[in-house]
>>> print(open('input_3.txt').read())   # compact mmCIF, C-alpha atoms
# COMPACT_ATOMS: atom_id res chain seq x y z
CA MET A 14 132.38 80.65 74.92
CA THR A 15 133.08 78.69 78.09
CA THR A 16 130.30 76.99 80.01
CA LYS A 17 130.75 79.46 82.89
CA LYS A 18 130.46 82.49 80.57
CA LEU A 19 127.46 80.94 78.82
CA THR A 20 125.75 80.35 82.19
CA HIS A 21 126.37 83.98 83.20
CA ALA A 22 125.05 85.23 79.84
CA ILE A 23 121.88 83.14 80.18
CA LEU A 24 121.36 84.30 83.77
CA ALA A 25 121.84 87.95 82.78
CA ALA A 26 119.44 87.59 79.84
CA SER A 27 116.79 85.95 82.03
CA LEU A 28 117.08 88.76 84.60
CA VAL A 29 116.63 91.37 81.86
CA LEU A 30 113.62 89.51 80.44
CA THR A 31 112.11 89.12 83.91
CA GLY A 32 112.46 92.87 84.47
CA LEU A 33 110.91 93.65 81.08
CA SER A 34 108.04 91.25 81.77
CA ALA A 35 107.29 92.86 85.13
CA ALA A 36 107.45 96.36 83.59
CA ALA A 37 105.10 95.30 80.79
CA GLN A 38 102.60 93.87 83.28
CA THR A 39 102.54 96.93 85.53
CA ALA A 40 102.18 99.23 82.51
CA ALA A 41 98.91 97.40 81.76
CA VAL A 42 97.09 99.56 84.35
CA LYS A 43 97.18 103.34 84.09
CA VAL A 44 96.73 105.42 87.26
CA ASP A 45 95.45 109.02 87.13
CA GLY A 46 94.73 111.62 89.79
CA ALA A 47 95.99 109.58 92.74
CA TRP A 48 95.92 111.26 96.15
CA ALA A 49 95.50 110.41 99.83
CA ARG A 50 93.60 112.58 102.30
CA ALA A 51 95.75 114.35 104.91
CA THR A 52 95.06 113.55 108.57
CA VAL A 53 95.41 115.27 111.92
CA GLN A 54 97.29 114.06 114.99
CA GLY A 55 95.52 111.05 116.53
CA GLN A 56 93.49 110.22 113.41
CA LYS A 57 93.97 106.51 112.67
CA ALA A 58 92.32 106.18 109.25
CA SER A 59 92.21 107.94 105.91
CA GLY A 60 91.41 107.22 102.29
CA ALA A 61 93.29 107.13 99.01
CA PHE A 62 91.62 107.87 95.70
CA MET A 63 92.51 107.55 92.01
CA SER A 64 91.29 106.47 88.59
CA LEU A 65 92.44 103.13 87.17
CA THR A 66 92.28 102.12 83.51
CA ALA A 67 93.36 98.60 82.57
CA LYS A 68 94.52 97.79 79.04
CA ASP A 69 93.07 94.26 79.41
CA ALA A 70 90.44 93.00 81.86
CA THR A 71 91.99 92.57 85.28
CA GLN A 72 91.18 92.95 88.96
CA LEU A 73 92.62 95.06 91.75
CA VAL A 74 93.04 92.37 94.42
CA GLY A 75 95.18 94.06 97.05
CA VAL A 76 96.96 97.14 98.28
CA SER A 77 99.79 97.66 100.74
CA THR A 78 101.67 100.59 102.23
CA PRO A 79 104.17 100.91 105.06
CA VAL A 80 102.26 103.89 106.54
CA ALA A 81 99.23 101.82 107.62
CA GLY A 82 98.74 98.62 109.55
CA VAL A 83 95.85 97.76 107.21
CA ALA A 84 95.21 98.89 103.63
CA GLU A 85 92.13 97.58 101.81
CA VAL A 86 89.92 98.31 98.84
CA HIS A 87 86.54 99.35 100.27
CA GLU A 88 83.12 99.86 98.77
CA MET A 89 80.49 102.27 100.05
CA LYS A 90 76.90 101.78 98.94
CA MET A 91 73.39 102.42 100.12
CA ASP A 92 71.64 99.57 101.93
CA GLY A 93 68.08 100.87 102.24
CA ASP A 94 68.49 104.21 104.02
CA ILE A 95 71.93 103.41 105.43
CA MET A 96 75.30 104.01 103.77
CA ARG A 97 77.45 100.94 104.45
CA MET A 98 81.15 100.41 103.89
CA ARG A 99 82.83 97.04 103.54
CA ALA A 100 86.10 95.60 102.31
CA ALA A 101 85.95 94.37 98.72
CA PRO A 102 87.93 91.19 97.98
CA ALA A 103 88.53 92.38 94.40
CA LEU A 104 87.61 95.28 92.14
CA ASP A 105 86.93 94.47 88.48
CA LEU A 106 88.76 96.67 85.97
CA PRO A 107 87.10 96.12 82.56
CA ALA A 108 89.39 96.46 79.54
CA GLY A 109 89.79 100.09 78.47
CA LYS A 110 87.24 101.49 80.95
CA LYS A 111 88.17 104.01 83.62
CA VAL A 112 87.23 102.95 87.16
CA ASP A 113 87.15 105.75 89.73
CA LEU A 114 88.16 105.13 93.32
CA LYS A 115 86.51 108.05 95.07
CA SER A 116 84.84 109.11 98.28
CA GLY A 117 81.34 107.62 98.48
CA GLY A 118 82.18 104.65 96.24
CA TYR A 119 85.12 102.30 95.84
CA HIS A 120 88.26 103.68 97.51
CA ILE A 121 91.38 102.56 99.34
CA MET A 122 91.09 102.62 103.14
CA LEU A 123 94.25 103.20 105.12
CA MET A 124 93.66 102.08 108.71
CA ASP A 125 95.82 101.86 111.82
CA LEU A 126 97.98 104.72 110.52
CA LYS A 127 101.46 104.69 112.02
CA ALA A 128 101.76 108.52 111.85
CA PRO A 129 99.63 111.39 110.55
CA LEU A 130 99.57 111.85 106.76
CA ALA A 131 100.99 115.33 106.32
CA LYS A 132 99.76 117.61 103.54
CA ASP A 133 102.31 117.91 100.69
CA SER A 134 104.04 114.64 101.62
CA SER A 135 103.62 111.36 99.73
CA VAL A 136 102.66 107.80 100.62
CA PRO A 137 104.38 104.79 99.05
CA MET A 138 101.73 102.33 97.94
CA THR A 139 101.72 99.03 96.07
CA LEU A 140 98.68 97.93 94.09
CA LEU A 141 98.29 94.21 93.39
CA PHE A 142 96.46 93.11 90.23
CA LYS A 143 95.38 89.72 88.90
CA ASP A 144 94.57 89.21 85.22
CA THR A 145 92.01 86.82 83.74
CA LYS A 146 94.67 84.07 83.55
CA GLY A 147 95.44 84.43 87.27
CA VAL A 148 98.79 86.14 86.70
CA GLU A 149 99.58 88.69 89.41
CA SER A 150 101.43 91.96 88.90
CA LYS A 151 102.31 94.88 91.15
CA LEU A 152 102.39 98.60 90.58
CA GLU A 153 104.47 100.80 92.91
CA LEU A 154 103.14 104.34 93.45
CA LYS A 155 104.09 107.49 95.35
CA VAL A 156 100.68 108.94 96.23
CA PRO A 157 100.63 112.67 97.08
CA VAL A 158 98.90 113.67 100.32
CA SER A 159 96.48 116.60 100.17
CA THR A 160 93.41 118.05 101.84
CA THR A 161 91.58 118.16 98.49
CA ALA A 162 91.52 116.17 95.26
CA PRO A 163 93.84 117.22 92.42
CA GLY A 164 92.40 120.28 90.71
CA GLY A 165 91.21 121.73 94.01
CA LYS A 166 87.85 119.95 94.19
CA ALA A 167 86.43 119.76 97.69
CA PRO A 168 85.90 116.26 99.07
CA ALA A 169 82.52 114.67 98.42
CA ALA A 170 79.85 114.99 101.09
CA ALA A 171 79.83 111.23 101.73
CA GLU A 172 82.63 111.31 104.31
CA HIS A 173 83.01 108.41 106.67
CA LYS A 174 84.94 107.37 109.73
CA HIS A 175 86.07 104.02 111.07
>>> encode(input="input_3.txt", output="structure tokens")
Amino acid sequence: MTTKKLTHAILAASLVLTGLSAAAQTAAVKVDGAWARATVQGQKASGAFMSLTAKDATQLVGVSTPVAGVAEVHEMKMDGDIMRMRAAPALDLPAGKKVDLKSGGYHIMLMDLKAPLAKDSSVPMTLLFKDTKGVESKLELKVPVSTTAPGGKAPAAAEHKH
């Protein structure tokens, strides 16, 4: 085998291995029941909800989508008699335990929407994870837009606005 052919073979093999490595990392977090709440004309914020189960301990450290100027993981919790919402720098995903992102708790906030989120459309979204060794991985999703959660459940009473 010539040096040129050997170089091409090594490059091709490394590209295949890189692809397999990325696929293996993203498969480490399972997503169930993902959906984003539909909006009306002029509404600039909405939420996205889902359940995440990590094979190994990891953290959700970021989210991005082209439909919003800002996408963040948020936490809602009671502070005395007041429900407060704030951006969370990271969300722990313990190994093998389902973590729900839902209205009234942790969720994904989509702010500065570029257009209304139409019912029965979908939103491209990228979740960014970091494992206990500091290795980052991404998971690309197509999140369906609906007025209710999958299964027809009405939204929780703890609605909020920005």
>>> atom_distance(input="input_3.txt", atom1="atom CA of A:Val86", atom2="atom CA of A:Asp125")
14.7 Å
>>> closest_residue(input="input_3.txt", among="A:Ala67, A:Met124, A:Ala58, A:Met98", to="A:Val44", atoms="all atoms listed in the file")
A:Ala67
>>> atom_distance(input="input_3.txt", atom1="atom CA of A:Ala108", atom2="atom CA of A:Gly147")
15.5 Å
>>> atom_distance(input="input_3.txt", atom1="atom CA of A:Ser135", atom2="atom CA of A:Leu73")
21.2 Å
>>> closest_residue(input="input_3.txt", among="A:Met89, A:Val76, A:Ala70, A:Val136", to="A:Ala51", atoms="all atoms listed in the file")
A:Val136
>>> closest_residue(input="input_3.txt", among="A:Gly55, A:Gly60, A:Gly118, A:Pro107", to="A:Ala162", atoms="only C-alpha atoms")
A:Gly60
>>> closest_residue(input="input_3.txt", among="A:Gly109, A:Gly75, A:Gly46, A:Gly117", to="A:Glu88", atoms="only C-alpha atoms")
A:Gly117
>>> residues_around(input="input_3.txt", residues="A:Asp144", least_positions_apart="6", cutoff="12 Å", atoms="all atoms listed in the file", output="MDAnalysis selection string")
chainID A and resid 38:39 41:42 67:74 103:108 150:151
